[in-house]
$ cat work.txt   # compact mmCIF, C-alpha atoms
# COMPACT_ATOMS: atom_id res chain seq x y z
CA MET A 20 8.55 14.02 16.72
CA ASN A 21 4.98 12.69 16.79
CA PRO A 22 3.74 9.93 14.41
CA MET A 23 2.17 12.35 11.91
CA ALA A 24 5.36 14.38 11.66
CA ARG A 25 7.50 11.28 11.18
CA ARG A 26 5.20 10.03 8.42
CA LEU A 27 5.34 13.38 6.65
CA ALA A 28 9.13 13.39 6.89
CA ALA A 29 9.21 10.02 5.16
CA PHE A 30 6.89 11.37 2.49
CA VAL A 31 9.35 14.16 1.73
CA PHE A 32 12.19 11.66 1.32
CA VAL A 33 10.08 9.65 -1.11
CA LEU A 34 9.25 12.75 -3.13
CA LEU A 35 12.95 13.49 -3.43
CA TRP A 36 13.66 9.97 -4.74
CA ALA A 37 10.69 10.02 -7.09
CA ALA A 38 12.04 13.04 -8.94
CA PRO A 39 13.25 12.59 -12.53
CA ALA A 40 16.92 12.15 -13.37
CA ALA A 41 19.44 14.57 -11.95
CA GLY A 42 19.68 16.34 -15.31
CA ASP A 43 16.31 17.98 -14.61
CA ARG A 44 17.79 20.85 -12.61
CA GLU A 45 14.53 22.72 -12.22
CA THR A 46 12.79 19.70 -10.66
CA ARG A 47 15.75 18.98 -8.38
CA ALA A 48 15.76 22.58 -7.21
CA ASN A 49 12.05 22.38 -6.54
CA MET A 50 12.52 19.20 -4.49
CA GLY A 51 15.11 21.00 -2.39
CA GLU A 52 12.53 23.72 -1.82
CA ILE A 53 10.01 21.10 -0.66
CA PHE A 54 12.46 19.76 1.87
CA GLU A 55 13.18 23.21 3.25
CA THR A 56 9.53 24.19 3.52
CA VAL A 57 8.60 20.92 5.23
CA ARG A 58 11.39 21.43 7.75
CA PHE A 59 9.43 24.53 8.70
CA LEU A 60 6.05 22.77 8.48
CA LEU A 61 6.77 19.73 10.64
CA PRO A 62 7.19 21.39 14.05
CA LEU A 63 3.98 23.35 13.54
CA SER A 64 2.03 20.23 12.59
CA LEU A 65 2.68 18.66 15.98
CA SER A 66 -0.28 20.47 17.49
CA GLU A 67 -3.54 21.72 16.05
CA GLU A 68 -3.16 25.02 17.92
CA GLU A 69 0.19 25.80 16.30
CA PHE A 70 -1.02 24.60 12.91
CA ALA A 71 -4.00 26.97 13.19
CA ASN A 72 -1.92 29.96 14.37
CA PRO A 73 -2.99 32.95 12.18
CA ALA A 74 0.54 34.32 12.28
CA GLN A 75 1.80 31.25 10.44
CA ARG A 76 -1.12 30.81 8.05
CA GLU A 77 0.49 32.19 4.89
CA ALA A 78 3.73 30.28 5.38
CA ILE A 79 1.91 27.00 6.06
CA LEU A 80 -0.33 27.52 3.05
CA ALA A 81 2.75 28.09 0.88
CA ALA A 82 4.30 24.82 2.08
CA LEU A 83 1.10 22.89 1.44
CA THR A 84 0.86 24.47 -2.01
CA THR A 85 4.38 23.22 -2.78
CA LEU A 86 3.41 19.71 -1.68
CA ALA A 87 0.31 19.79 -3.87
CA GLU A 88 2.22 21.02 -6.92
CA ASN A 89 4.82 18.29 -6.58
CA GLY A 90 2.18 15.65 -5.95
CA ALA A 91 0.71 16.66 -9.30
CA ARG A 92 4.17 16.41 -10.90
CA LEU A 93 4.63 12.91 -9.54
CA LYS A 94 1.26 11.90 -11.00
CA ASP A 95 2.27 13.25 -14.40
CA HIS A 96 5.65 11.51 -14.14
CA GLY A 97 3.91 8.18 -13.51
CA ARG A 98 1.49 8.22 -16.44
CA GLN A 99 3.58 5.76 -18.44
CA ARG A 100 4.08 3.34 -15.54
CA GLU A 101 1.97 0.28 -14.71
CA ALA A 102 -1.57 0.78 -13.42
CA SER A 103 -0.75 0.27 -9.75
CA PHE A 104 1.83 3.07 -9.80
CA VAL A 105 -0.63 5.26 -11.69
CA PHE A 106 -3.28 4.65 -9.00
CA LEU A 107 -0.94 5.38 -6.09
CA SER A 108 0.56 8.49 -7.66
CA ARG A 109 -2.94 9.79 -8.41
CA SER A 110 -3.97 9.08 -4.85
CA LEU A 111 -0.96 10.95 -3.51
CA ALA A 112 -1.66 13.90 -5.81
CA ARG A 113 -5.30 13.95 -4.70
CA ASP A 114 -4.42 13.88 -1.00
CA THR A 115 -1.80 16.62 -1.23
CA ALA A 116 -4.22 18.83 -3.16
CA GLU A 117 -7.03 18.17 -0.68
CA ALA A 118 -4.77 18.84 2.32
CA ARG A 119 -3.94 22.22 0.85
CA ALA A 120 -7.62 22.94 0.06
CA ARG A 121 -8.79 21.89 3.54
CA PHE A 122 -6.24 24.12 5.21
CA ALA A 123 -7.21 27.05 2.99
CA LEU A 124 -10.84 26.57 4.12
CA GLY A 125 -9.81 26.57 7.78
CA GLU A 126 -10.42 22.82 8.23
CA ILE A 127 -7.25 22.31 10.25
CA SER A 128 -7.93 18.84 11.67
CA GLN A 129 -8.80 17.44 8.25
CA ALA A 130 -5.64 18.94 6.72
CA ARG A 131 -3.45 17.40 9.44
CA PHE A 132 -5.20 14.04 8.98
CA LEU A 133 -4.48 14.08 5.24
CA LEU A 134 -0.83 14.89 5.88
CA HIS A 135 -0.73 11.92 8.23
CA ARG A 136 -2.06 9.62 5.49
CA LEU A 137 0.30 10.68 2.71
CA VAL A 138 3.05 8.21 3.57
CA ASP A 139 0.63 5.28 3.19
CA ASN A 140 0.88 5.85 -0.57
CA CYS A 141 4.63 5.38 -0.27
CA VAL A 142 4.31 2.20 1.81
CA GLU A 143 1.81 0.67 -0.63
CA CYS A 144 3.95 1.55 -3.63
CA HIS A 145 7.28 0.41 -2.18
CA SER A 146 6.06 -2.96 -0.90
CA ARG A 147 4.86 -4.19 -4.33
CA LEU A 148 8.12 -5.18 -6.03
CA PRO A 149 11.58 -6.55 -5.17
CA LYS A 150 14.17 -4.03 -4.07
CA ASP A 151 16.21 -2.95 -7.09
CA ARG A 152 18.62 -0.41 -5.63
CA ASP A 153 19.84 1.06 -2.38
CA TYR A 154 18.69 4.37 -0.91
CA PRO A 155 21.54 5.90 1.11
CA ARG A 156 19.43 8.85 2.24
CA GLY A 157 16.82 6.48 3.59
CA ARG A 158 19.46 4.47 5.43
CA GLU A 159 20.87 7.62 7.01
CA PHE A 160 17.35 8.69 7.94
CA VAL A 161 16.29 5.47 9.69
CA GLU A 162 19.70 5.12 11.41
CA SER A 163 19.47 8.62 12.90
CA SER A 164 19.10 8.69 16.68
CA ALA A 165 15.60 10.21 16.46
CA ILE A 166 14.28 7.35 14.30
CA ALA A 167 16.38 4.43 15.63
CA GLY A 168 15.05 5.07 19.14
CA LEU A 169 11.39 4.84 18.17
CA PRO A 170 9.18 1.89 19.17
CA PRO A 171 9.18 -0.81 16.46
CA GLU A 172 5.54 -0.22 15.46
CA GLU A 173 6.32 3.41 14.64
CA ARG A 174 9.78 2.86 13.19
CA LEU A 175 8.79 0.15 10.72
CA ILE A 176 6.36 2.44 8.87
CA LEU A 177 9.18 4.86 8.08
CA GLU A 178 11.56 2.02 7.21
CA VAL A 179 9.14 0.64 4.62
CA ALA A 180 8.32 4.11 3.27
CA THR A 181 12.03 4.78 2.74
CA ARG A 182 12.65 1.29 1.28
CA GLN A 183 14.87 0.13 4.15
CA PHE A 184 13.42 -3.36 4.06
CA GLU A 185 15.90 -5.29 6.20
CA PRO A 186 15.53 -2.88 9.15
CA ALA A 187 11.75 -2.99 8.62
CA LEU A 188 11.72 -6.79 8.84
CA GLU A 189 13.80 -6.65 12.01
CA SER A 190 11.34 -4.14 13.49
CA TYR A 191 8.43 -6.42 12.66
CA GLU A 192 10.19 -9.40 14.24
CA THR A 193 10.97 -7.47 17.41
CA LEU A 194 7.33 -6.49 17.62
CA PHE A 195 6.09 -10.05 17.06
CA LEU A 196 8.05 -11.37 20.04
CA SER A 197 7.47 -8.43 22.37
CA PRO A 198 5.43 -9.39 25.47
CA GLU A 199 4.10 -5.83 25.58
CA VAL A 200 1.90 -6.29 22.48
CA SER A 201 -0.60 -9.12 22.12
CA PRO A 202 -0.49 -11.23 18.94
CA VAL A 203 -4.21 -10.61 18.40
CA GLU A 204 -3.58 -6.86 18.37
CA LEU A 205 -0.72 -7.34 15.91
CA ASP A 206 -3.06 -9.29 13.64
CA LEU A 207 -5.85 -6.73 13.86
CA LEU A 208 -3.41 -3.95 12.94
CA GLY A 209 -2.33 -5.88 9.83
CA HIS A 210 1.28 -6.38 10.89
CA PHE A 211 1.42 -10.05 9.90
CA ASP A 212 0.09 -9.11 6.46
CA GLY A 213 2.62 -6.30 6.03
CA TYR A 214 5.46 -8.56 7.12
CA LEU A 215 4.45 -11.25 4.62
CA GLU A 216 4.28 -8.67 1.84
CA LEU A 217 7.86 -7.59 2.52
CA CYS A 218 9.14 -11.16 2.78
CA LEU A 219 7.41 -12.48 -0.33
CA ARG A 220 7.23 -9.40 -2.57
CA THR A 221 10.40 -7.44 -1.88
CA LYS A 222 12.73 -10.14 -0.50
CA ARG A 223 11.20 -13.23 -2.22
CA ASP A 224 11.99 -15.27 0.89
CA PRO A 225 9.36 -17.71 2.27
CA GLU A 226 11.74 -19.38 4.72
CA ARG A 227 12.22 -16.37 6.99
CA PRO A 228 8.52 -15.74 7.80
CA ALA A 229 7.96 -19.47 8.36
CA ARG A 230 10.72 -19.50 10.97
CA VAL A 231 9.42 -16.34 12.64
CA PHE A 232 5.77 -17.46 12.66
CA GLU A 233 6.83 -20.73 14.33
CA LYS A 234 8.24 -18.63 17.19
CA VAL A 235 5.10 -16.51 17.38
CA ALA A 236 2.90 -19.62 17.51
CA LYS A 237 4.73 -20.69 20.69
CA ARG A 238 3.62 -17.58 22.56
CA SER A 239 1.23 -18.45 25.37
CA ASP A 240 -1.05 -15.50 24.58
CA VAL A 241 -1.84 -16.53 20.99
CA SER A 242 -5.60 -17.00 20.54
CA ARG A 243 -6.97 -20.25 19.11
CA PRO A 244 -8.13 -18.69 15.80
CA LEU A 245 -4.78 -16.95 15.29
CA ARG A 246 -2.92 -20.16 16.13
CA THR A 247 -4.93 -21.86 13.38
CA HIS A 248 -4.01 -19.11 10.92
CA LEU A 249 -0.33 -19.24 11.89
CA GLY A 250 -0.30 -23.01 11.34
CA ALA A 251 -1.86 -22.61 7.90
CA TRP A 252 0.58 -19.82 6.97
CA ILE A 253 3.60 -21.84 8.11
CA GLU A 254 2.44 -24.84 6.09
CA SER A 255 1.94 -22.68 2.98
CA LEU A 256 5.33 -21.00 3.40
CA HIS A 257 7.08 -24.37 3.63
CA ARG A 258 5.37 -25.42 0.39
CA LEU A 259 6.58 -22.23 -1.29
CA GLU A 260 10.06 -22.82 0.10
CA LYS A 261 10.21 -26.29 -1.45
CA ARG A 262 8.76 -25.13 -4.76
CA GLY A 263 10.69 -21.87 -4.92
CA LEU A 264 9.23 -18.52 -5.93
CA PRO A 265 9.10 -18.57 -9.75
CA GLU A 266 9.65 -15.75 -12.18
CA PRO A 267 6.53 -13.73 -13.08
CA ASP A 268 4.05 -16.15 -14.59
CA ILE A 269 0.34 -15.57 -14.73
CA ALA A 270 -0.44 -19.30 -14.90
CA VAL A 271 1.40 -19.92 -11.62
CA ALA A 272 -0.38 -16.96 -10.02
CA ARG A 273 -3.71 -18.35 -11.23
CA ALA A 274 -2.90 -21.75 -9.72
CA LEU A 275 -2.00 -20.16 -6.38
CA LEU A 276 -5.30 -18.30 -6.35
CA ASP A 277 -7.26 -21.42 -7.24
CA GLY A 278 -5.65 -23.13 -4.26
CA ALA A 279 -6.40 -20.16 -2.04
CA GLU A 280 -10.07 -20.12 -3.00
CA ASP A 281 -10.32 -23.89 -2.41
CA ARG A 282 -8.90 -23.54 1.10
CA LYS A 283 -11.33 -20.86 2.25
CA ARG A 284 -13.98 -21.98 4.71
CA PHE A 285 -15.89 -18.68 4.60
CA PRO A 286 -15.56 -15.39 2.64
CA ASP A 287 -13.10 -13.60 4.94
CA ASP A 288 -11.10 -16.65 6.03
CA ARG A 289 -7.42 -15.72 6.44
CA ASN A 290 -5.92 -19.22 6.19
CA ALA A 291 -4.98 -18.60 2.54
CA LEU A 292 -3.20 -15.29 3.15
CA VAL A 293 0.19 -16.63 2.02
CA GLU A 294 -1.18 -17.83 -1.33
CA TYR A 295 -2.84 -14.45 -1.97
CA VAL A 296 0.32 -12.48 -1.17
CA ALA A 297 2.55 -14.82 -3.20
CA ALA A 298 0.19 -14.56 -6.18
CA SER A 299 0.12 -10.77 -5.89
CA SER A 300 3.92 -10.72 -5.98
CA LEU A 301 3.95 -12.65 -9.26
CA LEU A 302 1.25 -10.45 -10.77
CA HIS A 303 2.86 -7.14 -9.80
CA ARG A 304 6.13 -8.28 -11.36
CA PHE A 305 4.26 -9.62 -14.38
CA VAL A 306 2.69 -6.25 -15.26
CA ALA A 307 5.80 -4.22 -14.36
CA ALA A 308 8.46 -6.21 -16.20
CA PRO A 309 9.24 -6.35 -19.91
CA PRO A 310 8.41 -7.66 -22.43
CA LEU A 311 5.28 -5.67 -23.11
CA ARG A 312 2.24 -7.80 -22.35
CA SER A 313 -0.85 -8.07 -24.52
CA ASP A 314 -4.03 -6.31 -23.40
CA SER A 315 -5.61 -9.68 -22.72
CA GLU A 316 -2.73 -10.81 -20.49
CA ARG A 317 -2.66 -7.52 -18.61
CA ALA A 318 -6.44 -7.58 -18.22
CA GLU A 319 -6.29 -11.00 -16.58
CA ALA A 320 -3.45 -9.90 -14.31
CA TYR A 321 -5.35 -6.84 -13.11
CA ALA A 322 -8.56 -8.84 -12.69
CA LEU A 323 -6.66 -11.25 -10.45
CA LEU A 324 -5.04 -8.38 -8.53
CA GLY A 325 -8.53 -6.96 -8.00
CA LEU A 326 -9.70 -10.30 -6.64
CA ILE A 327 -6.72 -10.47 -4.26
CA GLU A 328 -7.22 -6.90 -3.04
CA SER A 329 -10.91 -7.61 -2.38
CA ARG A 330 -9.90 -10.59 -0.22
CA VAL A 331 -6.93 -9.28 1.75
CA GLY A 332 -6.80 -5.50 1.25
CA ARG A 333 -6.47 -3.74 4.61
CA SER A 334 -7.01 -0.09 3.76
CA PHE A 335 -10.40 1.46 3.09
CA TRP A 336 -8.55 4.71 2.48
CA LEU A 337 -6.30 3.23 -0.21
CA SER A 338 -8.28 0.24 -1.51
CA GLN A 339 -7.16 -0.61 -5.03
CA THR A 340 -9.85 -3.23 -5.68
CA GLU A 341 -12.07 -1.00 -7.80
CA PHE A 342 -9.18 0.46 -9.78
CA TYR A 343 -7.69 -2.94 -10.64
CA LEU A 344 -11.04 -4.37 -11.73
CA GLU A 345 -11.94 -1.31 -13.80
CA THR A 346 -8.49 -1.40 -15.42
CA ALA A 347 -9.05 -5.05 -16.36
CA ILE A 348 -12.40 -4.22 -17.99
CA ARG A 349 -11.14 -1.22 -19.93
CA LEU A 350 -8.05 -3.05 -21.19
CA ASP A 351 -10.04 -5.88 -22.77
CA PRO A 352 -13.84 -5.36 -22.54
CA ALA A 353 -14.50 -8.15 -25.06
CA GLY A 354 -12.11 -10.57 -23.37
CA PRO A 355 -12.82 -13.60 -21.19
CA HIS A 356 -12.12 -11.82 -17.89
CA ALA A 357 -14.22 -8.68 -18.29
CA GLU A 358 -17.54 -10.18 -17.16
CA ALA A 359 -16.13 -11.75 -13.99
CA ALA A 360 -14.25 -8.54 -13.19
CA TYR A 361 -17.45 -6.52 -13.59
CA GLU A 362 -19.48 -8.86 -11.39
CA LEU A 363 -16.90 -8.65 -8.60
CA LEU A 364 -16.60 -4.87 -9.03
CA GLU A 365 -20.36 -4.32 -8.81
CA GLU A 366 -20.64 -6.57 -5.76
CA PHE A 367 -17.70 -4.84 -4.06
CA VAL A 368 -19.02 -1.34 -4.77
CA ILE A 369 -22.61 -2.03 -3.70
CA SER A 370 -21.53 -3.79 -0.49
CA GLY A 371 -19.39 -0.75 0.33
CA TYR A 372 -22.48 1.49 0.18
CA THR A 373 -24.76 -0.89 2.07
CA GLY A 374 -25.71 -0.34 5.70
CA SER A 375 -28.62 -0.56 8.11
CA GLN A 376 -30.70 1.67 5.82
CA GLY A 377 -30.09 -0.49 2.76
CA SER A 378 -27.81 0.42 -0.12
CA PHE A 379 -27.35 3.80 -1.74
CA VAL A 380 -24.76 4.04 -4.50
CA PRO A 381 -23.89 7.67 -5.35
CA PRO A 382 -25.02 8.71 -8.85
CA ASP A 383 -21.48 9.22 -10.18
CA VAL A 384 -20.39 5.78 -8.95
CA ARG A 385 -23.49 4.18 -10.45
CA ALA A 386 -22.88 6.01 -13.72
CA ASN A 387 -19.33 4.64 -13.89
CA LEU A 388 -20.60 1.10 -13.30
CA ASP A 389 -23.20 1.59 -16.04
CA SER A 390 -20.57 2.86 -18.47
CA LEU A 391 -18.44 -0.23 -17.83
CA ARG A 392 -21.48 -2.45 -18.32
CA ARG A 393 -22.19 -0.79 -21.67
CA LEU A 394 -18.54 -1.10 -22.68
CA ILE A 395 -18.67 -4.86 -22.14
CA ASP A 396 -22.02 -5.26 -23.84
CA ASP A 397 -21.03 -3.14 -26.86
CA SER A 398 -17.83 -5.11 -27.25
$ encode --input "work.txt" --output "structure tokens"
Amino acid sequence: MNPMARRLAAFVFVLLWAAPAAGDRETRANMGEIFETVRFLLPLSLSEEEFANPAQREAILAALTTLAENGARLKDHGRQREASFVFLSRSLARDTAEARARFALGEISQARFLLHRLVDNCVECHSRLPKDRDYPRGREFVESSAIAGLPPEERLILEVATRQFEPALESYETLFLSPEVSPVELDLLGHFDGYLELCLRTKRDPERPARVFEKVAKRSDVSRPLRTHLGAWIESLHRLEKRGLPEPDIAVARALLDGAEDRKRFPDDRNALVEYVAASSLLHRFVAAPPLRSDSERAEAYALLGLIESRVGRSFWLSQTEFYLETAIRLDPAGPHAEAAYELLEEFVISGYTGSQGSFVPPDVRANLDSLRRLIDDS
């Protein structure tokens, strides 16, 4: 099974778990239909030629239509959840709908690419919060011979997507000490970041990554800049270990971020990665856990999450920076965090549309920025 097919398989498992309670028989039946149609879809998606086979067009289109319909259901199901879940479920719904539309237009490569990206929504969503329950189907899936025999860099994506965090951590650690992959390549691919997110967000364990990074730092092929980063991360993790990871508290998250900003030597310095990830863990739990927070508290939390994402976010495809900052502004446009959130949002957006020919912000994006500016001013 090639990487795209494995990712899509994981996506189907996540859709099954995301369904409402078992009492909703119609939805459960529909999820069973998704699984059956994707079992047909996966082998065809392995090659563009088979995926474009006219004899299979109607059947493939039907499967993609089912995915799109259930992506829309998941989005509707998540409307009452916290903003991060809302963003990710909307993103998943958008991608499933676009994959179906691209295929219908004959844009086969684009449709396959979108299918490949769907599981990233699952990984982003599942690595935000501590694990709260077991997923037997996921365990059976990752322990199957087809998945267990994969290289660690491929297996860990499916392990995170199916919330099998302990196997995912073991896959990361195998990869970190493998002589076949250079530490610099691991860093460029974001594997150290992903590993820290699992350790600090889902496992709440700073001791384990400190121990593992000490082993990585002893590798002879670690570059000087990465060795510096590893030393800074280990030092930060030991501080967290002594202090302990507190319960969700926005003041503690704010203090971590203040320390992170003080440590930075230049805008994209990665020495403060641990502080950013630890703060994001507190903030995600803060907005997700009862009691209900005030608009002002939630606005500050999302403004801080936007700041963190702008500093350490790895995905241009799934960047949540703009959504977090806009959420902060709309929650409390007259509050003390709206202006700073807007300034960062405008800077982030304009820099994203700036190149060798200068900057060109699309009219709809500019209009949204202007509406947020007016909302703050009118408040």
$ residues_around --input "work.txt" --residues "Gly213 of chain A" --least-positions-apart "3" --cutoff "12 Å" --atoms "only C-alpha atoms" --output "count of residues only"
35
$ residues_around --input "work.txt" --residues "Thr247 of chain A" --least-positions-apart "3" --cutoff "12 Å" --atoms "all atoms listed in the file" --output "compact mmCIF listing (two decimals) with C-alpha atoms, keeping the file's coordinate frame"
# COMPACT_ATOMS: atom_id res chain seq x y z
CA PHE A 232 5.77 -17.46 12.66
CA GLU A 233 6.83 -20.73 14.33
CA ALA A 236 2.90 -19.62 17.51
CA VAL A 241 -1.84 -16.53 20.99
CA SER A 242 -5.60 -17.00 20.54
CA ARG A 243 -6.97 -20.25 19.11
CA PRO A 244 -8.13 -18.69 15.80
CA GLY A 250 -0.30 -23.01 11.34
CA ALA A 251 -1.86 -22.61 7.90
CA TRP A 252 0.58 -19.82 6.97
CA ILE A 253 3.60 -21.84 8.11
CA GLU A 254 2.44 -24.84 6.09
CA ASP A 288 -11.10 -16.65 6.03
CA ARG A 289 -7.42 -15.72 6.44
CA ASN A 290 -5.92 -19.22 6.19
CA ALA A 291 -4.98 -18.60 2.54
$ closest_residue --input "work.txt" --among "A:Lys234, A:Arg113, A:Ser300, A:Gly125" --to "Leu80 of chain A" --atoms "all atoms listed in the file"
A:Gly125
$ atom_distance --input "work.txt" --atom1 "atom CA of Ser299 of chain A" --atom2 "atom CA of Pro355 of chain A"
20.2 Å
$ closest_residue --input "work.txt" --among "A:Ala71, A:Ala78, A:Ala347, A:Leu388" --to "Ser313 of chain A" --atoms "only C-alpha atoms"
A:Ala347
$ closest_residue --input "work.txt" --among "A:Arg182, A:Val200, A:Val306, A:Asp224" --to "Lys261 of chain A" --atoms "all atoms listed in the file"
A:Asp224
$ atom_distance --input "work.txt" --atom1 "atom CA of Arg238 of chain A" --atom2 "atom CA of Pro202 of chain A"
8.4 Å
$ atom_distance --input "work.txt" --atom1 "atom CA of Ala229 of chain A" --atom2 "atom CA of Leu249 of chain A"
9.0 Å
$ closest_residue --input "work.txt" --among "A:Gly354, A:Gly377, A:Pro225, A:Gly90" --to "His257 of chain A" --atoms "all atoms listed in the file"
A:Pro225
$ residues_around --input "work.txt" --residues "Thr84 of chain A" --least-positions-apart "6" --cutoff "10 Å" --atoms "all atoms listed in the file" --output "PyMOL selection string"
chain A and resi 53+78+90+115-116+118-120+123
$ closest_residue --input "work.txt" --among "A:Ala318, A:Gly325, A:Leu264, A:Arg385" --to "Leu301 of chain A" --atoms "all atoms listed in the file"
A:Leu264
$ axis_aligned_box --input "work.txt" --around "segment 285-301 of chain A" --padding-each-side "6 Å" --output "lines of an AutoDock Vina configuration file"
center_x = -6.0
center_y = -15.0
center_z = -1.4
size_x = 31.8
size_y = 20.5
size_z = 27.7
